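The next block is upload.cif, given as mmCIF, C-alpha atoms.
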data_input
loop_
_atom_site.label_atom_id
_atom_site.label_comp_id
_atom_site.auth_asym_id
_atom_site.auth_seq_id
_atom_site.Cartn_x
_atom_site.Cartn_y
_atom_site.Cartn_z
CA ARG B 1 31.65 -16.70 16.69
CA LEU B 2 29.30 -18.90 18.76
CA GLN B 3 32.07 -19.78 21.18
CA LYS B 4 32.95 -16.11 21.63
CA LEU B 5 29.28 -15.21 22.14
CA LYS B 6 28.94 -17.98 24.73
CA GLU B 7 31.99 -16.75 26.66
CA MET B 8 30.70 -13.18 26.66
CA PHE B 9 27.28 -14.42 27.80
CA ILE B 10 28.79 -16.30 30.75
CA SER B 11 30.85 -13.32 31.85
CA LYS B 12 27.78 -11.06 31.57
CA PHE B 13 25.08 -13.23 33.16
CA GLY B 14 27.10 -15.75 35.19
CA SER B 15 25.68 -18.86 33.46
CA ALA B 16 25.65 -20.41 29.99
CA PRO B 17 22.98 -19.76 27.33
CA LYS B 18 20.44 -22.55 26.77
CA PHE B 19 19.88 -21.84 23.07
CA TYR B 20 20.69 -19.47 20.20
CA ALA B 21 18.54 -17.96 17.47
CA ARG B 22 19.67 -16.35 14.22
CA ALA B 23 17.83 -14.33 11.59
CA PRO B 24 19.51 -13.12 8.38
CA GLY B 25 19.48 -9.73 6.73
CA ARG B 26 18.36 -9.54 3.13
CA VAL B 27 19.08 -7.84 -0.15
CA ASN B 28 16.20 -7.09 -2.47
CA LEU B 29 17.32 -7.85 -6.03
CA ILE B 30 14.32 -6.10 -7.57
CA GLY B 31 10.91 -4.85 -6.46
CA GLU B 32 11.47 -1.76 -4.32
CA HIS B 33 8.63 -0.11 -2.38
CA ILE B 34 5.94 -2.38 -3.78
CA ASP B 35 5.41 -4.97 -1.03
CA TYR B 36 3.16 -2.58 0.93
CA CYS B 37 1.20 -1.99 -2.28
CA GLY B 38 0.41 -5.74 -2.42
CA TYR B 39 2.94 -6.72 -5.12
CA ALA B 40 5.45 -9.57 -5.23
CA VAL B 41 9.13 -8.84 -4.56
CA LEU B 42 12.34 -10.74 -5.26
CA PRO B 43 14.80 -10.76 -2.34
CA MET B 44 17.41 -13.19 -1.07
CA ALA B 45 18.76 -13.67 2.45
CA ILE B 46 22.39 -12.67 2.94
CA GLU B 47 25.01 -14.33 5.12
CA GLN B 48 25.12 -11.39 7.55
CA ASP B 49 22.73 -11.89 10.45
CA ILE B 50 21.52 -11.17 13.98
CA LEU B 51 22.49 -13.87 16.47
CA ILE B 52 21.05 -13.98 20.00
CA ALA B 53 22.22 -16.19 22.88
CA VAL B 54 19.40 -16.85 25.33
CA GLU B 55 18.78 -18.20 28.80
CA PRO B 56 15.16 -18.32 29.99
CA ALA B 57 15.00 -16.77 33.49
CA GLN B 58 12.95 -17.52 36.61
CA THR B 59 12.06 -13.84 36.96
CA GLN B 60 9.57 -11.87 34.85
CA VAL B 61 12.35 -9.67 33.50
CA VAL B 62 13.97 -9.48 30.07
CA GLN B 63 17.60 -8.40 30.21
CA LEU B 64 19.13 -7.37 26.89
CA ALA B 65 22.80 -6.83 26.20
CA ASN B 66 24.75 -6.30 22.98
CA THR B 67 28.28 -7.37 22.02
CA ASN B 68 28.66 -3.89 20.51
CA SER B 69 29.27 -1.57 23.45
CA SER B 70 27.76 1.42 21.64
CA TYR B 71 24.34 -0.25 22.17
CA LEU B 72 23.44 0.13 25.83
CA ASP B 73 22.08 -2.63 28.07
CA PHE B 74 18.35 -2.61 28.69
CA SER B 75 15.96 -4.45 30.98
CA THR B 76 12.20 -4.40 31.45
CA SER B 77 9.37 -6.39 32.99
CA VAL B 78 7.83 -8.80 30.45
CA ASN B 79 4.38 -7.80 31.67
CA ASN B 80 4.75 -4.12 30.92
CA ILE B 81 6.27 -3.58 27.51
CA GLN B 82 6.52 0.04 26.40
CA ILE B 83 7.78 0.76 22.87
CA ASN B 84 8.95 4.29 22.30
CA LYS B 85 8.21 5.34 18.70
CA THR B 86 9.93 8.72 19.00
CA LYS B 87 13.42 7.24 19.47
CA PRO B 88 13.94 4.02 17.50
CA GLN B 89 16.61 2.47 19.77
CA TRP B 90 17.91 -1.05 19.24
CA HIS B 91 16.06 -2.65 22.16
CA ASN B 92 12.69 -1.36 20.90
CA TYR B 93 12.99 -3.61 17.83
CA PHE B 94 13.57 -6.58 20.15
CA LEU B 95 10.49 -5.56 22.15
CA CYS B 96 8.39 -5.48 18.94
CA GLY B 97 9.10 -9.18 18.30
CA LEU B 98 8.56 -10.06 21.96
CA LYS B 99 5.25 -8.21 22.16
CA GLY B 100 4.00 -9.68 18.87
CA ILE B 101 4.40 -13.26 20.13
CA GLN B 102 3.00 -12.43 23.57
CA GLU B 103 -0.12 -10.88 22.07
CA HIS B 104 -0.60 -13.65 19.52
CA PHE B 105 -0.74 -16.30 22.25
CA GLY B 106 -2.27 -14.02 24.92
CA LEU B 107 0.59 -14.95 27.29
CA ASN B 108 -0.26 -13.67 30.78
CA ASN B 109 2.95 -14.63 32.53
CA PRO B 110 5.57 -14.87 29.80
CA THR B 111 9.02 -16.23 30.61
CA GLY B 112 11.73 -13.75 31.48
CA MET B 113 15.02 -14.04 29.56
CA ASN B 114 18.66 -13.05 29.56
CA CYS B 115 19.73 -12.27 26.00
CA LEU B 116 23.04 -11.30 24.42
CA LEU B 117 22.86 -10.06 20.87
CA ASP B 118 25.53 -10.04 18.18
CA GLY B 119 24.90 -8.52 14.76
CA THR B 120 26.92 -8.57 11.53
CA ILE B 121 24.40 -6.64 9.35
CA PRO B 122 25.54 -3.01 8.93
CA PRO B 123 22.83 -0.93 10.70
CA SER B 124 20.67 1.59 8.77
CA SER B 125 22.08 0.30 5.49
CA GLY B 126 18.89 -0.98 3.84
CA LEU B 127 19.85 -4.63 4.46
CA SER B 128 17.07 -5.08 6.97
CA SER B 129 18.99 -5.21 10.25
CA SER B 130 15.95 -3.92 12.16
CA SER B 131 13.53 -6.51 10.72
CA ALA B 132 16.10 -9.29 11.33
CA LEU B 133 16.19 -8.19 14.98
CA VAL B 134 12.36 -8.20 15.23
CA CYS B 135 12.28 -11.70 13.65
CA CYS B 136 15.04 -13.03 15.88
CA ALA B 137 13.28 -11.65 18.98
CA GLY B 138 10.02 -13.27 17.88
CA LEU B 139 11.80 -16.61 17.45
CA VAL B 140 13.53 -16.30 20.84
CA THR B 141 10.23 -15.50 22.64
CA LEU B 142 8.48 -18.38 20.90
CA ARG B 143 11.16 -20.87 21.96
CA ALA B 144 11.52 -19.57 25.54
CA ASN B 145 7.77 -19.91 26.07
CA GLY B 146 7.61 -23.41 24.56
CA LYS B 147 5.29 -22.41 21.71
CA THR B 148 5.41 -23.34 18.00
CA LEU B 149 4.30 -21.62 14.80
CA SER B 150 4.90 -22.19 11.09
CA LYS B 151 7.45 -19.96 9.32
CA VAL B 152 4.64 -18.22 7.44
CA GLU B 153 2.74 -17.45 10.67
CA LEU B 154 5.93 -16.17 12.28
CA ALA B 155 6.64 -13.90 9.30
CA GLU B 156 3.11 -12.48 9.42
CA ILE B 157 3.25 -11.83 13.18
CA CYS B 158 6.67 -10.16 12.94
CA THR B 159 5.48 -7.96 10.04
CA LYS B 160 2.56 -6.71 12.13
CA SER B 161 4.60 -6.29 15.29
CA GLU B 162 7.26 -4.12 13.60
CA ARG B 163 4.48 -1.55 13.19
CA TYR B 164 4.64 -0.95 16.97
CA ILE B 165 7.68 1.18 16.18
CA GLY B 166 5.82 3.17 13.53
CA THR B 167 7.13 1.60 10.29
CA GLU B 168 4.34 0.76 7.83
CA GLY B 169 6.30 -2.06 6.13
CA GLY B 170 4.80 -4.53 3.71
CA GLY B 171 6.26 -7.82 4.92
CA MET B 172 9.09 -8.57 2.50
CA ASP B 173 11.87 -8.35 5.10
CA GLN B 174 10.23 -10.63 7.65
CA SER B 175 9.11 -13.13 4.99
CA ILE B 176 12.54 -13.64 3.47
CA SER B 177 14.11 -13.77 6.93
CA PHE B 178 12.01 -16.84 7.79
CA LEU B 179 11.39 -18.43 4.37
CA ALA B 180 14.85 -18.11 2.79
CA GLU B 181 16.74 -21.21 1.68
CA GLU B 182 20.42 -21.49 0.88
CA GLY B 183 21.31 -21.14 -2.79
CA THR B 184 18.09 -19.57 -4.06
CA ALA B 185 16.44 -16.17 -4.17
CA LYS B 186 12.66 -16.10 -3.60
CA LEU B 187 9.69 -14.55 -5.31
CA ILE B 188 7.56 -13.53 -2.33
CA GLU B 189 3.85 -12.92 -2.89
CA PHE B 190 1.39 -11.56 -0.36
CA SER B 191 -2.20 -12.28 0.75
CA PRO B 192 -1.78 -15.18 1.11
CA LEU B 193 1.95 -15.14 1.86
CA ARG B 194 3.92 -17.62 -0.28
CA ALA B 195 7.48 -17.97 -1.53
CA THR B 196 8.69 -19.52 -4.80
CA ASP B 197 12.33 -20.41 -5.53
CA VAL B 198 14.08 -18.28 -8.13
CA ARG B 199 17.34 -19.84 -9.36
CA LEU B 200 19.75 -17.07 -10.22
CA PRO B 201 21.77 -17.61 -13.41
CA SER B 202 25.33 -18.88 -13.05
CA GLY B 203 28.24 -16.73 -14.16
CA ALA B 204 27.32 -13.70 -12.04
CA THR B 205 27.76 -12.71 -8.40
CA PHE B 206 25.74 -10.18 -6.44
CA VAL B 207 27.77 -7.50 -4.70
CA ILE B 208 26.50 -5.19 -1.97
CA ALA B 209 28.07 -1.77 -1.58
CA ASN B 210 27.15 0.53 1.30
CA SER B 211 26.88 4.22 0.42
CA CYS B 212 27.73 4.94 4.11
CA VAL B 213 24.74 7.29 4.27
CA GLU B 214 22.62 5.99 7.13
CA MET B 215 18.86 5.83 6.76
CA ASN B 216 16.55 4.71 9.53
CA LYS B 217 13.03 4.05 8.21
CA ALA B 218 11.42 4.57 11.59
CA ALA B 219 13.19 7.87 12.14
CA THR B 220 12.17 9.62 8.94
CA SER B 221 8.84 10.53 7.41
CA HIS B 222 9.94 9.93 3.76
CA TYR B 223 8.99 6.28 3.95
CA ASN B 224 5.56 6.72 5.53
CA ILE B 225 4.73 9.60 3.15
CA ARG B 226 5.34 7.25 0.19
CA VAL B 227 3.03 4.65 1.76
CA MET B 228 0.34 7.34 2.07
CA GLU B 229 0.88 8.64 -1.49
CA CYS B 230 0.31 5.11 -2.81
CA ARG B 231 -2.85 4.83 -0.71
CA LEU B 232 -4.19 8.15 -2.03
CA ALA B 233 -3.34 7.18 -5.63
CA THR B 234 -5.30 3.94 -5.01
CA LYS B 235 -8.35 5.92 -3.91
CA LEU B 236 -8.26 8.37 -6.85
CA LEU B 237 -7.76 5.59 -9.42
CA SER B 238 -10.60 3.57 -7.82
CA LYS B 239 -12.95 6.55 -7.79
CA SER B 240 -12.26 7.30 -11.47
CA LYS B 241 -13.19 3.70 -12.34
CA ARG B 242 -16.34 3.77 -10.17
CA LEU B 243 -14.98 1.17 -7.74
CA GLU B 244 -15.73 1.28 -4.00
CA TRP B 245 -12.78 3.58 -3.34
CA ARG B 246 -13.30 3.77 0.44
CA LYS B 247 -12.51 0.05 0.74
CA MET B 248 -9.44 0.19 -1.53
CA LEU B 249 -6.10 0.47 0.28
CA ARG B 250 -3.40 -0.78 -2.09
CA LEU B 251 -2.54 -0.23 -5.74
CA HIS B 252 -2.75 -3.98 -6.29
CA ASP B 253 -6.43 -3.89 -5.21
CA VAL B 254 -7.27 -1.61 -8.15
CA GLN B 255 -5.60 -3.88 -10.68
CA SER B 256 -7.23 -7.05 -9.34
CA LYS B 257 -10.70 -5.42 -9.12
CA LEU B 258 -10.43 -4.18 -12.72
CA GLY B 259 -8.93 -7.48 -13.90
CA VAL B 260 -6.38 -5.79 -16.16
CA SER B 261 -2.63 -6.19 -16.78
CA LEU B 262 0.11 -4.06 -15.24
CA GLU B 263 0.67 -2.43 -18.66
CA GLU B 264 -3.01 -1.45 -18.77
CA MET B 265 -2.73 -0.02 -15.24
CA LEU B 266 0.14 2.19 -16.45
CA THR B 267 -2.12 3.51 -19.22
CA ILE B 268 -4.88 4.21 -16.67
CA VAL B 269 -2.37 6.13 -14.49
CA GLU B 270 -1.52 8.31 -17.53
CA GLU B 271 -5.21 8.99 -18.17
CA VAL B 272 -6.36 9.63 -14.61
CA LEU B 273 -3.50 11.21 -12.66
CA HIS B 274 -1.44 14.32 -13.45
CA PRO B 275 2.31 14.70 -12.82
CA GLU B 276 1.91 17.93 -10.78
CA PRO B 277 1.66 17.37 -7.00
CA TYR B 278 -1.87 17.17 -5.57
CA SER B 279 -2.87 19.49 -2.73
CA THR B 280 -5.06 18.12 0.07
CA GLU B 281 -7.87 20.36 -1.27
CA GLU B 282 -7.62 18.84 -4.74
CA ILE B 283 -7.63 15.30 -3.32
CA CYS B 284 -10.82 16.15 -1.37
CA LYS B 285 -12.40 17.56 -4.52
CA CYS B 286 -11.53 14.43 -6.56
CA LEU B 287 -12.97 12.14 -3.86
CA GLY B 288 -15.92 14.39 -3.02
CA ILE B 289 -15.10 14.54 0.70
CA SER B 290 -14.38 17.26 3.26
CA LEU B 291 -10.88 18.17 4.46
CA GLU B 292 -11.95 16.97 7.89
CA GLU B 293 -12.87 13.55 6.51
CA LEU B 294 -9.53 13.28 4.68
CA HIS B 295 -7.68 14.00 7.92
CA SER B 296 -9.74 11.77 10.18
CA GLN B 297 -10.48 8.83 7.85
CA ILE B 298 -7.56 8.54 5.43
CA LEU B 299 -4.39 10.34 6.52
CA SER B 300 -2.53 8.63 9.35
CA GLN B 301 -1.60 10.50 12.54
CA ASN B 302 1.90 11.38 11.36
CA MET B 303 0.68 12.71 7.97
CA GLN B 304 -1.59 15.49 9.28
CA ASP B 305 0.88 18.27 8.41
CA VAL B 306 1.73 17.12 4.87
CA SER B 307 0.01 19.39 2.37
CA THR B 308 1.04 18.03 -1.06
CA PHE B 309 1.34 14.51 -2.46
CA LYS B 310 2.86 13.12 -5.67
CA LEU B 311 0.43 10.46 -6.84
CA TYR B 312 1.19 10.02 -10.55
CA GLN B 313 4.92 9.37 -10.01
CA ARG B 314 4.39 6.91 -7.14
CA ALA B 315 1.73 4.86 -8.95
CA LYS B 316 3.83 4.81 -12.11
CA HIS B 317 6.83 3.47 -10.19
CA VAL B 318 4.80 0.78 -8.41
CA TYR B 319 3.09 -0.65 -11.51
CA SER B 320 6.26 -0.59 -13.63
CA GLU B 321 8.39 -2.08 -10.82
CA ALA B 322 5.80 -4.85 -10.23
CA ALA B 323 6.10 -5.72 -13.95
CA ARG B 324 9.93 -5.77 -13.70
CA VAL B 325 9.76 -8.29 -10.83
CA LEU B 326 7.67 -10.71 -12.91
CA GLU B 327 9.95 -10.22 -15.90
CA PHE B 328 13.02 -10.89 -13.71
CA GLN B 329 11.49 -14.16 -12.47
CA LYS B 330 10.56 -15.19 -16.01
CA ILE B 331 14.11 -14.61 -17.31
CA CYS B 332 15.56 -16.65 -14.42
CA SER B 333 13.23 -19.57 -15.11
CA GLU B 334 13.65 -19.54 -18.92
CA ALA B 335 17.41 -18.85 -18.74
CA PRO B 336 17.98 -17.52 -22.30
CA ALA B 337 21.57 -17.13 -23.51
CA ASN B 338 21.52 -13.36 -22.81
CA ALA B 339 19.84 -13.74 -19.38
CA LEU B 340 22.48 -11.71 -17.53
CA GLN B 341 22.18 -8.74 -19.91
CA LEU B 342 18.37 -8.79 -19.64
CA LEU B 343 18.44 -8.95 -15.83
CA GLY B 344 21.05 -6.19 -15.70
CA GLU B 345 18.80 -3.99 -17.84
CA LEU B 346 15.87 -4.52 -15.44
CA MET B 347 18.04 -3.58 -12.47
CA LYS B 348 19.13 -0.37 -14.21
CA GLN B 349 15.53 0.55 -15.06
CA SER B 350 14.53 -0.13 -11.46
CA HIS B 351 17.15 2.30 -10.18
CA ILE B 352 16.06 5.03 -12.60
CA SER B 353 12.45 4.62 -11.50
CA CYS B 354 13.45 4.71 -7.80
CA ARG B 355 15.48 7.85 -8.45
CA GLU B 356 13.05 9.76 -10.68
CA MET B 357 9.54 8.47 -9.94
CA TYR B 358 9.78 7.38 -6.31
CA GLU B 359 12.53 9.87 -5.36
CA CYS B 360 14.02 7.50 -2.81
CA SER B 361 17.64 7.66 -3.96
CA CYS B 362 20.30 10.18 -2.90
CA PRO B 363 23.41 11.65 -4.62
CA GLU B 364 25.75 9.11 -2.97
CA LEU B 365 23.65 6.13 -4.09
CA ASP B 366 23.47 7.49 -7.64
CA ARG B 367 27.23 7.98 -7.67
CA LEU B 368 27.82 4.47 -6.34
CA VAL B 369 25.52 2.93 -8.98
CA ASP B 370 27.44 4.85 -11.69
CA ILE B 371 30.80 3.67 -10.32
CA CYS B 372 29.63 0.04 -10.18
CA LEU B 373 28.38 0.16 -13.78
CA GLN B 374 31.55 1.88 -14.90
CA PHE B 375 33.71 -0.91 -13.42
CA GLY B 376 31.89 -3.82 -14.99
CA ALA B 377 28.58 -4.44 -13.17
CA ILE B 378 25.96 -5.73 -15.63
CA GLY B 379 23.23 -4.12 -13.53
CA SER B 380 23.19 -2.00 -10.37
CA ARG B 381 20.50 -0.36 -8.25
CA LEU B 382 19.70 0.90 -4.79
CA THR B 383 18.30 -1.78 -2.48
CA GLY B 384 16.16 -1.35 0.62
CA ALA B 385 14.11 1.74 1.38
CA GLY B 386 16.72 4.08 -0.12
CA TRP B 387 17.66 7.65 0.94
CA GLY B 388 20.98 6.08 1.89
CA GLY B 389 21.98 2.50 2.58
CA CYS B 390 23.24 0.10 -0.08
CA THR B 391 23.35 -0.71 -3.75
CA VAL B 392 23.25 -4.23 -5.17
CA SER B 393 25.15 -5.00 -8.38
CA MET B 394 25.30 -8.05 -10.59
CA VAL B 395 28.92 -8.67 -11.58
CA PRO B 396 30.39 -11.34 -13.90
CA THR B 397 32.07 -13.79 -11.49
CA ASP B 398 35.32 -13.82 -13.48
CA LYS B 399 35.63 -10.03 -13.08
CA LEU B 400 34.73 -9.93 -9.39
CA ASN B 401 38.17 -9.25 -7.89
CA THR B 402 39.01 -6.39 -10.27
CA PHE B 403 35.53 -4.96 -9.72
CA LEU B 404 35.92 -4.95 -5.91
CA LYS B 405 39.37 -3.36 -6.14
CA ASN B 406 38.22 -0.59 -8.50
CA VAL B 407 35.04 0.26 -6.57
CA LYS B 408 37.02 0.38 -3.31
CA LYS B 409 39.42 2.84 -4.86
CA ALA B 410 36.80 5.01 -6.59
CA TYR B 411 34.23 5.27 -3.81
CA TYR B 412 35.72 4.35 -0.43
CA GLN B 413 39.32 5.48 -0.59
CA THR B 414 38.41 9.05 -1.53
CA ASP B 415 36.75 9.72 1.83
CA GLY B 416 38.16 9.15 5.33
CA GLN B 417 34.85 8.26 6.91
CA ARG B 418 33.99 5.71 4.22
CA LEU B 419 37.50 4.29 4.38
CA ALA B 420 37.04 3.50 8.09
CA GLY B 421 34.11 1.21 7.37
CA GLU B 422 35.14 -0.16 3.98
CA ASN B 423 35.65 -3.74 5.20
CA ASN B 424 31.97 -4.13 6.06
CA SER B 425 30.84 -1.90 3.23
CA LEU B 426 31.63 -3.85 0.09
CA PHE B 427 31.09 -7.59 -0.18
CA ALA B 428 29.90 -10.34 -2.50
CA THR B 429 27.03 -12.44 -1.21
CA LYS B 430 25.23 -15.66 -2.05
CA PRO B 431 21.61 -16.51 -1.21
CA GLY B 432 21.72 -17.62 2.45
CA ARG B 433 19.36 -19.63 4.64
CA GLY B 434 16.50 -18.37 6.78
CA ALA B 435 16.05 -17.94 10.54
CA LEU B 436 16.65 -20.87 12.88
CA VAL B 437 17.13 -21.90 16.51
CA PHE B 438 19.94 -24.15 17.71
CA VAL B 439 20.28 -25.62 21.16
CA GLU B 440 23.43 -25.81 23.26
CA ALA B 441 24.66 -29.42 22.90
#
Let me see the file written as structure tokens.
Amino acid sequence: RLQKLKEMFISKFGSAPKFYARAPGRVNLIGEHIDYCGYAVLPMAIEQDILIAVEPAQTQVVQLANTNSSYLDFSTSVNNIQINKTKPQWHNYFLCGLKGIQEHFGLNNPTGMNCLLDGTIPPSSGLSSSSALVCCAGLVTLRANGKTLSKVELAEICTKSERYIGTEGGGMDQSISFLAEEGTAKLIEFSPLRATDVRLPSGATFVIANSCVEMNKAATSHYNIRVMECRLATKLLSKSKRLEWRKMLRLHDVQSKLGVSLEEMLTIVEEVLHPEPYSTEEICKCLGISLEELHSQILSQNMQDVSTFKLYQRAKHVYSEAARVLEFQKICSEAPANALQLLGELMKQSHISCREMYECSCPELDRLVDICLQFGAIGSRLTGAGWGGCTVSMVPTDKLNTFLKNVKKAYYQTDGQRLAGENNSLFATKPGRGALVFVEA
């Protein structure tokens, strides 16, 4: 693959690349939609990645090309980076990583670059292709400008810089992309960012299956509405407990301020919030503020037209999912005889909560989860933001081949469009390594 990329680079730019950078995609085994609420998640890097061949240039221009001809070439001055939020095109994710590094170091005359990108992560599939591209671009810019940072610093900068495109992510994708190590999943905790190895039990393999429904986080409001619903739930829960609600932004803040367990937080959610959607007027009444203050101080720019919010369901999902992550880690470290069954159960519960409480599934994902369980998966759930994208299933290794054959037949071979992409749509994966740079020998 490197040789092929090098040859394409030479034919495109007329000279050889000086170095390459790669950043992996990821699959989140458990802990969906809780990183931006401040809670730990449990992802692993996958073998699929973004690979960029790079030659620093004498000019102040970045030229981007892609081995996939459906992604158009792009070039821009490094001193005038414009990121268009309205159309999340591939090059804008590269520009996020570039701009993040430039701003961090205050680079006045950053190095221009010729870059050729090759990606093996299916796009818009919930396997973090966009964050891998932001991370890879950050790494490339760092190297081309002769700067160094720790992996943790890089992950934090890339998390912030992805927000240039309008996605209010929590940092899981960027963290695992940099901190991953071969052979182990990671428990990733935030503020401060740290990663702990989680050894997955032997005897099972993780299988990713793409529903073939594309979902682009930056192009839809579902994702950002959920972020806002969690923020509003934080404020109402804080107010009810006489905490300084104006300063509280994440559901984790409420738990740590009260010093209670996740189970106790679930009880508080039952007492304080009601399952019916909240109108903006009711939220104002609960907080004792005007509608104008809600719009100017709390709701983000792209939330001004949303009139109802589900707070009970979102908070319930977040606190129960955060507890499942810790339970998952505990089972992996204690490794009881029935570890696989226990982990499978947690994955199933996670999917039900994503479907019913967070409402981030879709009919195709639900069908795919059912098919995977029917053909021998011990656990199966959606992974990534949802509303399309992939499922992850834990399958006994000795039943893997039959499982793959049956799922192919039941889900992919019944539909022409899915059949076309089935080779990249269903695959077993092991925990892969994190982002790195290698130099042309």
Would you please work out which residue, of B:Leu249, B:Ile157, B:Ile10, B:Leu294, is nearest to Gln174 of chain B when using only C-alpha atoms? B:Ile157
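In terms of minimum interatomic distance to Arg194 of chain B, B:Leu42 ranks closest within B:Met215, B:Ala137, B:Leu262, B:Leu42, counting only C-alpha atoms.
Remark: for Gly171 of chain B, the closest of the candidate residues B:Arg143, B:Arg433, B:His33, B:Lys316 is B:His33 (distances computed over all atoms listed in the file).
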Starting from the PyMOL selection byres ((chain B and resi 152) around 8), expand the selection into actual residues of this file and give them as a ChimeraX atom specification. /B:150-151,153-156,175,178-179,193-194
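Between atom CA of Leu311 of chain B and atom CA of Glu244 of chain B there is a distance of 18.8 Å.
Pairwise distance (atom CA of Gly119 of chain B, atom CA of Gln48 of chain B) equals 7.8 Å.
Considering all atoms listed in the file, the residue among B:Glu181, B:Glu359, B:Asp415, B:Glu263 positioned nearest to Arg226 of chain B is B:Glu359.
Contact shell of Thr184 of chain B at 9 Å (all atoms listed in the file; same-chain neighbours under 4 positions omitted): Met44, Ala45, Ala180, Asp197, Val198, Arg199, Leu200, Lys430, Pro431, Gly432 and Arg433 of chain B.
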When you look at Met357 of chain B with a cut-off of 12 Å (counting only C-alpha atoms), what residues show up, excluding the ones that are within fewer than 4 positions of it in the same chain? I need them as a PyMOL selection string. chain B and resi 32-33+226+275+310-321+349-353+361
Across B:Ala233, B:Gly384, B:Lys186, B:Ser125, the smallest distance to Met248 of chain B, with all atoms listed in the file counted, is shown by B:Ala233
If you apply the PyMOL selection byres ((chain B and resi 390-393) around 9) to this file, what residues do you get, as a ChimeraX atom specification? /B:27-29,125-127,205-213,344,347,365,368-369,372-373,377-384,386,388-389,394-395,425
Mind dumping the selected residues with C-alpha atoms as a PDB file, in the frame of the given file?
ATOM      1  CA  VAL B  27      19.080  -7.840  -0.150  1.00  0.00           C
ATOM      2  CA  ASN B  28      16.200  -7.090  -2.470  1.00  0.00           C
ATOM      3  CA  LEU B  29      17.320  -7.850  -6.030  1.00  0.00           C
ATOM      4  CA  SER B 125      22.080   0.300   5.490  1.00  0.00           C
ATOM      5  CA  GLY B 126      18.890  -0.980   3.840  1.00  0.00           C
ATOM      6  CA  LEU B 127      19.850  -4.630   4.460  1.00  0.00           C
ATOM      7  CA  THR B 205      27.760 -12.710  -8.400  1.00  0.00           C
ATOM      8  CA  PHE B 206      25.740 -10.180  -6.440  1.00  0.00           C
ATOM      9  CA  VAL B 207      27.770  -7.500  -4.700  1.00  0.00           C
ATOM     10  CA  ILE B 208      26.500  -5.190  -1.970  1.00  0.00           C
ATOM     11  CA  ALA B 209      28.070  -1.770  -1.580  1.00  0.00           C
ATOM     12  CA  ASN B 210      27.150   0.530   1.300  1.00  0.00           C
ATOM     13  CA  SER B 211      26.880   4.220   0.420  1.00  0.00           C
ATOM     14  CA  CYS B 212      27.730   4.940   4.110  1.00  0.00           C
ATOM     15  CA  VAL B 213      24.740   7.290   4.270  1.00  0.00           C
ATOM     16  CA  GLY B 344      21.050  -6.190 -15.700  1.00  0.00           C
ATOM     17  CA  MET B 347      18.040  -3.580 -12.470  1.00  0.00           C
ATOM     18  CA  LEU B 365      23.650   6.130  -4.090  1.00  0.00           C
ATOM     19  CA  LEU B 368      27.820   4.470  -6.340  1.00  0.00           C
ATOM     20  CA  VAL B 369      25.520   2.930  -8.980  1.00  0.00           C
ATOM     21  CA  CYS B 372      29.630   0.040 -10.180  1.00  0.00           C
ATOM     22  CA  LEU B 373      28.380   0.160 -13.780  1.00  0.00           C
ATOM     23  CA  ALA B 377      28.580  -4.440 -13.170  1.00  0.00           C
ATOM     24  CA  ILE B 378      25.960  -5.730 -15.630  1.00  0.00           C
ATOM     25  CA  GLY B 379      23.230  -4.120 -13.530  1.00  0.00           C
ATOM     26  CA  SER B 380      23.190  -2.000 -10.370  1.00  0.00           C
ATOM     27  CA  ARG B 381      20.500  -0.360  -8.250  1.00  0.00           C
ATOM     28  CA  LEU B 382      19.700   0.900  -4.790  1.00  0.00           C
ATOM     29  CA  THR B 383      18.300  -1.780  -2.480  1.00  0.00           C
ATOM     30  CA  GLY B 384      16.160  -1.350   0.620  1.00  0.00           C
ATOM     31  CA  GLY B 386      16.720   4.080  -0.120  1.00  0.00           C
ATOM     32  CA  GLY B 388      20.980   6.080   1.890  1.00  0.00           C
ATOM     33  CA  GLY B 389      21.980   2.500   2.580  1.00  0.00           C
ATOM     34  CA  MET B 394      25.300  -8.050 -10.590  1.00  0.00           C
ATOM     35  CA  VAL B 395      28.920  -8.670 -11.580  1.00  0.00           C
ATOM     36  CA  SER B 425      30.840  -1.900   3.230  1.00  0.00           C
TER      37      SER B 425
END
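Across B:Asn338, B:Ser131, B:Asn80, B:Ser202, the tightest approach to Ser161 of chain B is made by B:Ser131 when counting all atoms listed in the file.
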Once you count all atoms listed in the file, which residues end up no further than 10 Å from (20.8, -2.4, 26.3) in the file's frame, shown as a JSON list (two decimals) with C-alpha atoms, in the coordinates of the input?
[["chain", "number", "residue", "atom", "x", "y", "z"],
["B", 63, "GLN", "CA", 17.60, -8.40, 30.21],
["B", 64, "LEU", "CA", 19.13, -7.37, 26.89],
["B", 65, "ALA", "CA", 22.80, -6.83, 26.20],
["B", 66, "ASN", "CA", 24.75, -6.30, 22.98],
["B", 67, "THR", "CA", 28.28, -7.37, 22.02],
["B", 68, "ASN", "CA", 28.66, -3.89, 20.51],
["B", 69, "SER", "CA", 29.27, -1.57, 23.45],
["B", 70, "SER", "CA", 27.76, 1.42, 21.64],
["B", 71, "TYR", "CA", 24.34, -0.25, 22.17],
["B", 72, "LEU", "CA", 23.44, 0.13, 25.83],
["B", 73, "ASP", "CA", 22.08, -2.63, 28.07],
["B", 74, "PHE", "CA", 18.35, -2.61, 28.69],
["B", 75, "SER", "CA", 15.96, -4.45, 30.98],
["B", 89, "GLN", "CA", 16.61, 2.47, 19.77],
["B", 90, "TRP", "CA", 17.91, -1.05, 19.24],
["B", 91, "HIS", "CA", 16.06, -2.65, 22.16],
["B", 92, "ASN", "CA", 12.69, -1.36, 20.90],
["B", 115, "CYS", "CA", 19.73, -12.27, 26.00],
["B", 116, "LEU", "CA", 23.04, -11.30, 24.42],
["B", 117, "LEU", "CA", 22.86, -10.06, 20.87]]
